[in-house]
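Asks: This structure is in structure tokens; I'll ask about it shortly.
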Amino acid sequence: MSGVVLVLPVAVPLLAAGLLSLLPGKWPHRLVGAGVNAGVLLVGGVLLVRGLDGGIPTERIGGWPAGFAIVLAADPFSALMVCASAVLVTAALCFAAVCGQDGDRRFTPLVLVLAAGVYGALLTADLFNFFVFVEVMLVPSYVLLVLGSGRDAAAGRIYVTVGLLASSVFLAGVALVYGVAGTVNLGELAGAAERGPAFALAGAVVLLGMAVKAAVVPFHGWLPRTYPRAPAAVSVLFAGLLTKVGVYAIIRIYAVFFGGAPQFRWVVMAAALLTMAVGVLGALGERTMRDVLSFDLVSQIGYALFGLALFTGLGLTAAVFFMVQYVLVKTVLFMCAGAVEHVYGSDRLDLLGGLLRKEPLLAGVFLVAALSLAGIPPLSGFVAKLGLLRAAVAEEEYLPAAVAVVTSLLTLAAMLKVWSRVFWSRPSPVSALPGWAGPRPVLLAPAVVLAVPSVAFGLGAEPLWRVAETAAGGLLDVSAYVRAVTR
Amino acid sequence: MSAPLLVGVLVAGGVFLVLLPGMVRIVFGFVLLGHAVNVLLVTAGGTGRTRAPLIGEEDPARMADPLPQAFVLTAIVITFGTTVYLLSMIRARSPGGRSEEPSG
């Protein structure tokens with residue numbers, strides 16, 4: 001019984017995508033798309049509850065015996081990420097619907113295939129299967145980036161070539177892992193990096209491939225050049241989803257394959273600090289809303305890796321909590337920027353101004369999300385960053401903690417710059433043009449709906465924190481995961 | 001010895017082509033890089049065993065490892081599809097259309 005449940009998040013979106021590509025018509029696409037992902041959210045919730053009780057639901061695909069089969073395993077970390085991703089995809093589909101950007105009849109099937117790849121990548125316990133699911137996730141994204149009007153061919157080329165390069169490096173790493181270890185099953189590879197330098201090197205190549213996908217500095221250059229050039233709904237979808245799968249992979253492989261190896265944590269910490277710093281410094285210098293947000297995306301990925309580098313219970317809990325609330329916050333911000341661009345035709349900071357008066361709801365939602373991103377209490381970002389700082393101080397890592405605090409301040413500065421230029425200042429000629437009616441309230445509905453959990457997780461962080469603690473416990477001590485996967 | 005040399009030559013050629021200007025050369029470069037990774041995958045099972053796997057139930061010590069062969073088939077298909085898509089992106093460029101320089 002539990003086995004079939006694990007396959008549903010992958011199988012149902014794929015089948016729905018096939019079905020929808022035969023059916024024209026907007027409303028069937030919208031209903032099926034939203035319905036399927038809401039269903040996956042339910043399944044993720046069921047798996048999460050099951051995993052919290054202690055037993056990790058697993059399924060050996062095809063019924064092959066352990067050691068031969070590809071195993072799908074839903075430990076609390078995976079189930080939590082599946083839930084967050086399902087929320088995001090549903091919200092992004094709703095946003096695309098209200099923006100009218102899902103007019104192309106290939107849009108919803110592509111998003112569904114992408115979603116199937118994401119859910120599969122989050123649930124699989126087999127390295128090569130992970131590669132396949134990441135490809136299933138990436139190929140629709142190559143198409144989605146250049147779909148629709150206003151396509152930017154240069155951004156599409158950069159995105160596809162960097163994606164191909166990352167996938168090739170990752171596949172080379174998987175080949176090396178298989179060559180030295182004789183298996184690609186994550187359960188059997190647990191702690192393999194201890195066995196020798198060849199193993200650690202193979203694991204490092206795998207992590208390198210995923211680091212490019214996760215936009216870790218110094219491999220982050222592709223992200224600010226591509227995400228802002230995508231259609232608004234597509235950038236909303238990408239911002240919360242694709243890099244998160246990369247960060248999930250880094251965390252999972254580091255926790256299982258490397259066993260949280262203490263001798264390599266300085267590498268992860270250095271990468272995290274670099275990513276935080278370069279991301280936020282880049283954000284301060286950009287001149288359109290989505291460029292600032294893209295660099296901020298890079299910077300916040302550094303925070304998740306910061307928690308991984310600490311590799312304590314508190315650090316990993318804070319990292320998991322951070323990732324979940326960050327998916328929501330970033331999506332809200334991109335939705336606000338997308339709404340501004342959709343209505344006013346531009347998100348350049350120097351062209352916009354005084355939107356507070358015209359759209360108080362948009363301004364309010366943006367303010368809540370921006371403050372959460374910067375880590376202002378009582379919002380969810382504050383809880384996450386406080387957890388990370390407490391973990392760093394507990395480990396006596398004062399310099400990284402200081403870098404994290406300074407990055408938070410600079411993030412606040414970047415967000416305030418966007419706020420003051422776009423919402424607070426004198427109304428610019430663009431927004432004063434006749435005929436600008438402002439966004440319809442329904443345009444902001446997805447953003448509002450997503451902003452509510454951000455506030456809720458800030459004020460009532462306890463339930464999510466408890467779940468994150470269980471998830472982090474499963475990462476600190478992978479024996480339960482290994483047992484479930486190799487059973 | 002020939003397999004690592006082959007991988008090295010393919011990667012060197014692929015990287016060289018990717019760094020050249022012109023989309024077609026970049027695509028060829030990625031094709032070479034993809035082939036390098038495929039050779040790496042196939043040889044990951046060990047180059048000493050060369051008989052066909054599983055068919056005829058040969059002695060397991062002499063038959064090739066079937067798992068890397070399955071891996072490399074999947075990888076070839078995925079790389080092929082993505083290469084076709086890259087080529088179609090070149091084909092779809094309208095001459096005299098929007099500026100082609102990458103931003104940034």
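Residues are referred to by chain and number: the chain letter is A, B, ... according to the order shown in the structure tokens, the number counts from 1 in that chain, and ligands are numbered separately from 1 in the order shown.
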If you take only C-alpha atoms and a cut-off of 7 Å, which residues of chain A touch chain B, and what are their nearest atom pairs and distances in Å to one decimal, in chain and number order, as JSON lines?
Replies:
```
{"residue": "A:Ala154", "atom": "CA", "partner": "B:Pro102", "partner_atom": "CA", "distance": 5.0}
{"residue": "A:Ala155", "atom": "CA", "partner": "B:Pro102", "partner_atom": "CA", "distance": 6.8}
{"residue": "A:Ser168", "atom": "CA", "partner": "B:Gly34", "partner_atom": "CA", "distance": 6.4}
{"residue": "A:Leu171", "atom": "CA", "partner": "B:Val37", "partner_atom": "CA", "distance": 6.9}
{"residue": "A:Ala172", "atom": "CA", "partner": "B:Val37", "partner_atom": "CA", "distance": 5.4}
{"residue": "A:Ala175", "atom": "CA", "partner": "B:Leu41", "partner_atom": "CA", "distance": 4.8}
{"residue": "A:Leu176", "atom": "CA", "partner": "B:Ala44", "partner_atom": "CA", "distance": 6.7}
{"residue": "A:Tyr178", "atom": "CA", "partner": "B:Ala44", "partner_atom": "CA", "distance": 6.3}
{"residue": "A:Gly179", "atom": "CA", "partner": "B:Ala44", "partner_atom": "CA", "distance": 4.2}
{"residue": "A:Arg225", "atom": "CA", "partner": "B:Ser103", "partner_atom": "CA", "distance": 6.7}
```
Asks: When distances are computed from only C-alpha atoms, which of A:Phe131, A:Pro377, A:Thr90, A:Ser479 shows the smallest separation from Leu459 (chain A)?
Replies: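 Distance minimum relative to Leu459 (chain A) lands on A:Pro377.
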Asks: Could you pull out all residues of region 70-277 of chain A with a DSSP call of helix (DSSP H, G or I) and give them as an MDAnalysis selection string?
Replies: chainID A and resid 76:99 107:123 127:145 153:181 192:195 197:213 222:229 232:256 262:277
